[in-house]
Amino acid sequence: MVSTMDTLTIRTENKFRTLVTKQAYKKGEVMCAIPSENIMDKPNRYTVQIARDKHTHVGKLAALNHSCDPNVILDTENMLMVARRDIAKGEELFFFYPATEWEMNAPFICLCGATNCIHVVAGARFLPLSTLETQYLSPHIRELMIELLNNTELHLKNLQEA
Ligand SMILES: [Zn+2]
């Protein structure tokens with residue numbers, strides 16, 4: 001059964017939560033469903049953005065930390081968590097927060113150490129397209145990004161014509 005999170009376990013150390021897998025996964029494998037019973041219109045630390053004005057309370061998955069080189073993808077189109085690469089039993093799971101979050105309510109500094117680290121994790125709207133292009137992005141993030149680029153172009157055009 002795809003929707004269970006039985007293979008995932010939350011570890012707490014010094015109040016810092018991590019999500020760890022009790023089994024290995026192959027790249028592309030579905031790991032669990034993303035909960036969607038509790039949808040709200042504003043983000044908080046337990047939500048993942050699934051559409052322009054929709055944030056779903058993700059339960060256990062709220063313990064997923066951010067990485068700029070993540071091992072899981074939150075596929076908000078199919079509401080599934082998928083392995084981004086082969087994952088070993090006991091590994092901590094991470095996803096790239098700006099892949100789903102347009103504007104986060106609690107930005108932070110990333111110290112993940114990846115060569116492509118974005119450092120300031122505040123949501124997709126604060127990242128250049130070249131950075132976002134290297135990651136899986138949810139459809140609503142693509143849409144909002146295109147909108148932002150179009151608005152900027154229009155603004156620049158208006159300035160030139162003024
Ligand atoms: Zn990073």
# chains A, B, ... in the order shown; residues from 1 in each chain; ligands from 1

$ select_by_dssp --residues "chain A" --states "strand (DSSP E or B)" --output "number ranges by chain"
A: 8-13, 16-21, 25, 30-33, 39-40, 47-51, 54-57, 65-66, 72-75, 80-83, 87, 92, 94-95, 108-109, 120-121

$ closest_residue --among "A:Glu133, A:Glu147, A:Glu161, A:Asp86" --to "A:Pro98" --atoms "only C-alpha atoms"
A:Glu133

$ residues_near_ligand --ligand "ligand 1" --cutoff "9 Å" --atoms "only C-alpha atoms and all ligand atoms" --output "list in words"
His66, Ser67, Cys68, Asp69, Phe96, Ile109, Cys110, Leu111, Cys112, Gly113, Ala114, Thr115, Asn116, Cys117, Ile118, His119, Val120 and Val121 of chain A

$ residues_around --residues "stretch 136-146 of chain A" --least-positions-apart "4" --cutoff "12 Å" --atoms "only C-alpha atoms" --output "PyMOL selection string"
chain A and resi 48-55+68-80+82-84+95-103+123-132+150-153

$ write_last_selection --atoms "N, CA and C atoms" --output "short mmCIF file (atom, residue, chain, number, x, y, z; two decimals), in the first residue's frame"
data_model
loop_
_atom_site.label_atom_id
_atom_site.label_comp_id
_atom_site.auth_asym_id
_atom_site.auth_seq_id
_atom_site.Cartn_x
_atom_site.Cartn_y
_atom_site.Cartn_z
N VAL A 48 2.96 21.77 3.11
CA VAL A 48 3.64 21.81 1.82
C VAL A 48 2.66 22.45 0.84
N GLN A 49 3.17 23.36 0.00
CA GLN A 49 2.30 24.05 -0.95
C GLN A 49 2.00 23.11 -2.13
N ILE A 50 0.71 22.98 -2.46
CA ILE A 50 0.33 22.06 -3.55
C ILE A 50 -0.35 22.79 -4.70
N ALA A 51 -0.69 24.06 -4.50
CA ALA A 51 -1.27 24.89 -5.56
C ALA A 51 -1.09 26.33 -5.12
N ARG A 52 -1.42 27.27 -6.02
CA ARG A 52 -1.29 28.69 -5.75
C ARG A 52 -1.72 29.10 -4.33
N ASP A 53 -2.92 28.71 -3.92
CA ASP A 53 -3.44 29.11 -2.60
C ASP A 53 -3.79 27.91 -1.74
N LYS A 54 -3.08 26.80 -1.95
CA LYS A 54 -3.38 25.60 -1.18
C LYS A 54 -2.13 25.03 -0.54
N HIS A 55 -2.25 24.79 0.77
CA HIS A 55 -1.15 24.22 1.54
C HIS A 55 -1.69 23.02 2.30
N CYS A 68 19.75 21.17 -0.81
CA CYS A 68 19.89 21.67 -2.18
C CYS A 68 20.27 20.53 -3.12
N ASP A 69 20.57 19.36 -2.55
CA ASP A 69 20.82 18.15 -3.34
C ASP A 69 19.99 17.03 -2.71
N PRO A 70 18.66 17.13 -2.87
CA PRO A 70 17.74 16.27 -2.11
C PRO A 70 17.69 14.83 -2.63
N ASN A 71 17.20 13.93 -1.77
CA ASN A 71 17.04 12.54 -2.21
C ASN A 71 15.58 12.16 -2.46
N VAL A 72 14.64 13.06 -2.10
CA VAL A 72 13.25 12.79 -2.46
C VAL A 72 12.61 14.00 -3.16
N ILE A 73 11.56 13.69 -3.91
CA ILE A 73 10.77 14.70 -4.62
C ILE A 73 9.35 14.62 -4.08
N LEU A 74 8.74 15.77 -3.81
CA LEU A 74 7.32 15.77 -3.48
C LEU A 74 6.58 16.13 -4.77
N ASP A 75 6.01 15.11 -5.39
CA ASP A 75 5.29 15.26 -6.64
C ASP A 75 3.87 15.70 -6.30
N THR A 76 3.62 17.02 -6.36
CA THR A 76 2.33 17.56 -5.93
C THR A 76 1.24 17.39 -7.00
N GLU A 77 1.64 16.96 -8.20
CA GLU A 77 0.65 16.68 -9.24
C GLU A 77 -0.07 15.37 -8.94
N ASN A 78 0.71 14.39 -8.53
CA ASN A 78 0.16 13.06 -8.22
C ASN A 78 0.07 12.81 -6.72
N MET A 79 0.50 13.79 -5.93
CA MET A 79 0.48 13.71 -4.46
C MET A 79 1.23 12.48 -3.96
N LEU A 80 2.46 12.34 -4.45
CA LEU A 80 3.31 11.21 -4.05
C LEU A 80 4.71 11.69 -3.70
N VAL A 82 8.49 10.63 -4.00
CA VAL A 82 9.23 9.74 -4.91
C VAL A 82 10.73 9.85 -4.64
N ALA A 83 11.44 8.73 -4.74
CA ALA A 83 12.90 8.74 -4.56
C ALA A 83 13.56 9.43 -5.74
N ARG A 84 14.39 10.44 -5.47
CA ARG A 84 15.06 11.18 -6.54
C ARG A 84 16.31 10.43 -7.01
N PHE A 95 14.01 17.12 0.97
CA PHE A 95 13.54 17.63 -0.32
C PHE A 95 13.94 19.09 -0.47
N PHE A 96 13.83 19.59 -1.69
CA PHE A 96 14.21 20.96 -2.01
C PHE A 96 12.98 21.84 -1.78
N TYR A 97 12.95 22.58 -0.67
CA TYR A 97 11.73 23.31 -0.29
C TYR A 97 11.19 24.23 -1.39
N PRO A 98 12.06 24.99 -2.10
CA PRO A 98 11.49 25.88 -3.13
C PRO A 98 10.82 25.14 -4.30
N ALA A 99 10.96 23.83 -4.36
CA ALA A 99 10.27 23.05 -5.41
C ALA A 99 8.77 23.11 -5.24
N THR A 100 8.31 23.36 -4.01
CA THR A 100 6.87 23.46 -3.74
C THR A 100 6.49 24.82 -3.15
N GLU A 101 7.43 25.49 -2.48
CA GLU A 101 7.10 26.71 -1.72
C GLU A 101 7.46 27.96 -2.52
N TRP A 102 6.49 28.78 -2.78
CA TRP A 102 6.71 30.04 -3.51
C TRP A 102 7.30 31.09 -2.58
N GLU A 103 6.68 31.24 -1.41
CA GLU A 103 7.14 32.23 -0.45
C GLU A 103 6.98 31.64 0.95
N GLY A 123 11.95 30.48 -0.50
CA GLY A 123 10.89 30.21 -1.47
C GLY A 123 11.39 30.47 -2.88
N ALA A 124 10.68 29.90 -3.86
CA ALA A 124 11.13 29.94 -5.25
C ALA A 124 11.19 31.36 -5.82
N ARG A 125 10.32 32.25 -5.33
CA ARG A 125 10.26 33.58 -5.92
C ARG A 125 11.56 34.38 -5.72
N PHE A 126 12.40 33.94 -4.79
CA PHE A 126 13.64 34.64 -4.50
C PHE A 126 14.85 34.00 -5.19
N LEU A 127 14.60 33.03 -6.05
CA LEU A 127 15.71 32.32 -6.71
C LEU A 127 15.74 32.61 -8.20
N PRO A 128 16.97 32.65 -8.78
CA PRO A 128 17.04 32.83 -10.23
C PRO A 128 16.57 31.58 -10.96
N LEU A 129 16.07 31.79 -12.15
CA LEU A 129 15.55 30.70 -12.97
C LEU A 129 16.61 29.62 -13.19
N SER A 130 17.86 30.05 -13.37
CA SER A 130 18.96 29.11 -13.64
C SER A 130 19.14 28.12 -12.49
N THR A 131 18.86 28.58 -11.27
CA THR A 131 18.98 27.70 -10.10
C THR A 131 17.79 26.74 -10.05
N LEU A 132 16.60 27.29 -10.29
CA LEU A 132 15.38 26.49 -10.21
C LEU A 132 15.35 25.40 -11.28
N ASN A 150 7.06 37.41 -16.81
CA ASN A 150 6.25 38.20 -17.73
C ASN A 150 5.97 39.59 -17.17
N ASN A 151 5.67 39.66 -15.87
CA ASN A 151 5.39 40.94 -15.23
C ASN A 151 6.62 41.83 -15.24
N THR A 152 7.78 41.22 -15.01
CA THR A 152 9.03 41.98 -15.00
C THR A 152 9.30 42.55 -16.39
N GLU A 153 9.07 41.72 -17.40
CA GLU A 153 9.28 42.14 -18.78
C GLU A 153 8.37 43.32 -19.13
#

$ residues_around --residues "stretch 30-36 of chain A" --least-positions-apart "2" --cutoff "8 Å" --atoms "only C-alpha atoms" --output "PyMOL selection string"
chain A and resi 2-5+25+28+38-39+56-59+61+74+76+79-83

$ write_last_selection --atoms "N, CA and C atoms" --output "compact mmCIF listing (two decimals), in the first residue's frame"
# COMPACT_ATOMS: atom_id res chain seq x y z
N VAL A 2 0.67 2.04 -1.02
CA VAL A 2 1.50 3.20 -1.27
C VAL A 2 1.32 4.31 -0.22
N SER A 3 0.12 4.45 0.31
CA SER A 3 -0.17 5.62 1.14
C SER A 3 0.37 5.54 2.57
N THR A 4 0.84 4.40 3.01
CA THR A 4 1.31 4.31 4.39
C THR A 4 2.68 4.96 4.54
N MET A 5 2.95 5.39 5.74
CA MET A 5 4.25 5.99 6.03
C MET A 5 4.99 5.09 7.01
N TYR A 25 15.25 2.36 -1.15
CA TYR A 25 14.40 2.64 -2.31
C TYR A 25 15.27 2.81 -3.55
N GLY A 28 13.22 6.76 -8.48
CA GLY A 28 11.94 6.77 -9.17
C GLY A 28 10.83 6.01 -8.45
N ASN A 38 -6.10 17.69 5.00
CA ASN A 38 -6.16 18.92 5.77
C ASN A 38 -5.50 20.05 4.97
N ILE A 39 -6.31 20.74 4.16
CA ILE A 39 -5.79 21.79 3.27
C ILE A 39 -6.09 23.16 3.85
N THR A 56 -1.06 21.87 2.13
CA THR A 56 -1.57 20.69 2.80
C THR A 56 -0.73 20.33 4.02
N HIS A 57 -1.42 20.00 5.09
CA HIS A 57 -0.73 19.55 6.30
C HIS A 57 -0.18 18.16 6.00
N VAL A 58 1.15 17.99 6.10
CA VAL A 58 1.75 16.75 5.62
C VAL A 58 2.07 15.73 6.71
N GLY A 59 1.60 15.98 7.93
CA GLY A 59 1.80 14.98 8.99
C GLY A 59 3.27 14.71 9.23
N LEU A 61 5.55 13.91 7.28
CA LEU A 61 6.46 14.47 6.26
C LEU A 61 6.94 15.88 6.62
N LEU A 74 8.74 15.77 -3.81
CA LEU A 74 7.32 15.77 -3.48
C LEU A 74 6.58 16.13 -4.77
N THR A 76 3.62 17.02 -6.36
CA THR A 76 2.33 17.56 -5.93
C THR A 76 1.24 17.39 -7.00
N MET A 79 0.50 13.79 -5.93
CA MET A 79 0.48 13.71 -4.46
C MET A 79 1.23 12.48 -3.96
N LEU A 80 2.46 12.34 -4.45
CA LEU A 80 3.31 11.21 -4.05
C LEU A 80 4.71 11.69 -3.70
N MET A 81 5.32 11.03 -2.73
CA MET A 81 6.74 11.25 -2.45
C MET A 81 7.52 10.18 -3.22
N VAL A 82 8.49 10.63 -4.00
CA VAL A 82 9.23 9.74 -4.91
C VAL A 82 10.73 9.85 -4.64
N ALA A 83 11.44 8.73 -4.74
CA ALA A 83 12.90 8.74 -4.56
C ALA A 83 13.56 9.43 -5.74

$ select_by_dssp --residues "stretch 16-161 of chain A" --states "alpha helix (DSSP H)" --output "VMD selection string"
chain A and resid 129 to 132 139 to 161

$ residues_around --residues "A:Lys89" --least-positions-apart "2" --cutoff "7 Å" --atoms "only C-alpha atoms" --output "ChimeraX atom specification"
/A:21-24,87,91

$ atom_distance --atom1 "atom CA of A:Phe108" --atom2 "atom CA of A:Asn14"
18.2 Å

$ residues_around --residues "A:Leu19" --least-positions-apart "3" --cutoff "9 Å" --atoms "only C-alpha atoms" --output "PDB file with N, CA and C atoms, in the first residue's frame"
ATOM      1  N   LEU A   8       8.722   5.100   7.264  1.00  0.00           N
ATOM      2  CA  LEU A   8       9.399   6.346   7.641  1.00  0.00           C
ATOM      3  C   LEU A   8       9.348   6.538   9.145  1.00  0.00           C
ATOM      4  N   THR A   9      10.423   7.052   9.681  1.00  0.00           N
ATOM      5  CA  THR A   9      10.444   7.262  11.113  1.00  0.00           C
ATOM      6  C   THR A   9      11.057   8.633  11.439  1.00  0.00           C
ATOM      7  N   ILE A  10      10.491   9.293  12.456  1.00  0.00           N
ATOM      8  CA  ILE A  10      10.995  10.613  12.857  1.00  0.00           C
ATOM      9  C   ILE A  10      12.023  10.426  13.965  1.00  0.00           C
ATOM     10  N   ARG A  11      13.175  11.037  13.810  1.00  0.00           N
ATOM     11  CA  ARG A  11      14.201  11.037  14.852  1.00  0.00           C
ATOM     12  C   ARG A  11      14.314  12.439  15.417  1.00  0.00           C
ATOM     13  N   THR A  12      14.430  12.544  16.720  1.00  0.00           N
ATOM     14  CA  THR A  12      14.573  13.859  17.349  1.00  0.00           C
ATOM     15  C   THR A  12      15.865  13.890  18.148  1.00  0.00           C
ATOM     16  N   LYS A  60       3.619  13.434   9.209  1.00  0.00           N
ATOM     17  CA  LYS A  60       4.987  12.971   9.438  1.00  0.00           C
ATOM     18  C   LYS A  60       6.003  13.624   8.487  1.00  0.00           C
ATOM     19  N   LEU A  61       5.547  13.912   7.277  1.00  0.00           N
ATOM     20  CA  LEU A  61       6.465  14.466   6.263  1.00  0.00           C
ATOM     21  C   LEU A  61       6.937  15.881   6.616  1.00  0.00           C
ATOM     22  N   ALA A  62       6.313  16.501   7.617  1.00  0.00           N
ATOM     23  CA  ALA A  62       6.766  17.816   8.075  1.00  0.00           C
ATOM     24  C   ALA A  62       8.160  17.722   8.691  1.00  0.00           C
ATOM     25  N   ALA A  63       8.603  16.513   9.005  1.00  0.00           N
ATOM     26  CA  ALA A  63       9.956  16.323   9.560  1.00  0.00           C
ATOM     27  C   ALA A  63      11.022  16.256   8.463  1.00  0.00           C
ATOM     28  N   LEU A  64      10.599  16.328   7.204  1.00  0.00           N
ATOM     29  CA  LEU A  64      11.560  16.348   6.088  1.00  0.00           C
ATOM     30  C   LEU A  64      12.352  17.645   6.150  1.00  0.00           C
ATOM     31  N   ASN A  65      13.666  17.557   6.160  1.00  0.00           N
ATOM     32  CA  ASN A  65      14.478  18.767   6.115  1.00  0.00           C
ATOM     33  C   ASN A  65      14.790  19.138   4.671  1.00  0.00           C
ATOM     34  N   GLU A  91      18.883   6.119   5.776  1.00  0.00           N
ATOM     35  CA  GLU A  91      19.271   7.459   5.304  1.00  0.00           C
ATOM     36  C   GLU A  91      18.250   8.497   5.747  1.00  0.00           C
ATOM     37  N   GLU A  92      18.733   9.706   6.025  1.00  0.00           N
ATOM     38  CA  GLU A  92      17.815  10.809   6.277  1.00  0.00           C
ATOM     39  C   GLU A  92      17.257  11.297   4.939  1.00  0.00           C
ATOM     40  N   LEU A  93      15.973  11.686   4.949  1.00  0.00           N
ATOM     41  CA  LEU A  93      15.320  12.138   3.717  1.00  0.00           C
ATOM     42  C   LEU A  93      15.229  13.662   3.686  1.00  0.00           C
ATOM     43  N   PHE A  94      15.446  14.210   2.502  1.00  0.00           N
ATOM     44  CA  PHE A  94      15.413  15.655   2.301  1.00  0.00           C
ATOM     45  C   PHE A  94      14.668  15.973   1.010  1.00  0.00           C
TER      46      PHE A  94
END

$ atom_distance --atom1 "atom CA of A:Thr18" --atom2 "atom CA of A:Ala106"
17.6 Å

$ closest_residue --among "A:Ala162, A:Leu156, A:Val20, A:Leu148" --to "A:Gly90" --atoms "only C-alpha atoms"
A:Val20

$ closest_residue --among "A:Leu149, A:Met104, A:Ala122, A:Lys157" --to "A:Thr47" --atoms "only C-alpha atoms"
A:Met104

$ atom_distance --atom1 "atom CA of A:Glu29" --atom2 "atom CA of A:Gln135"
17.5 Å
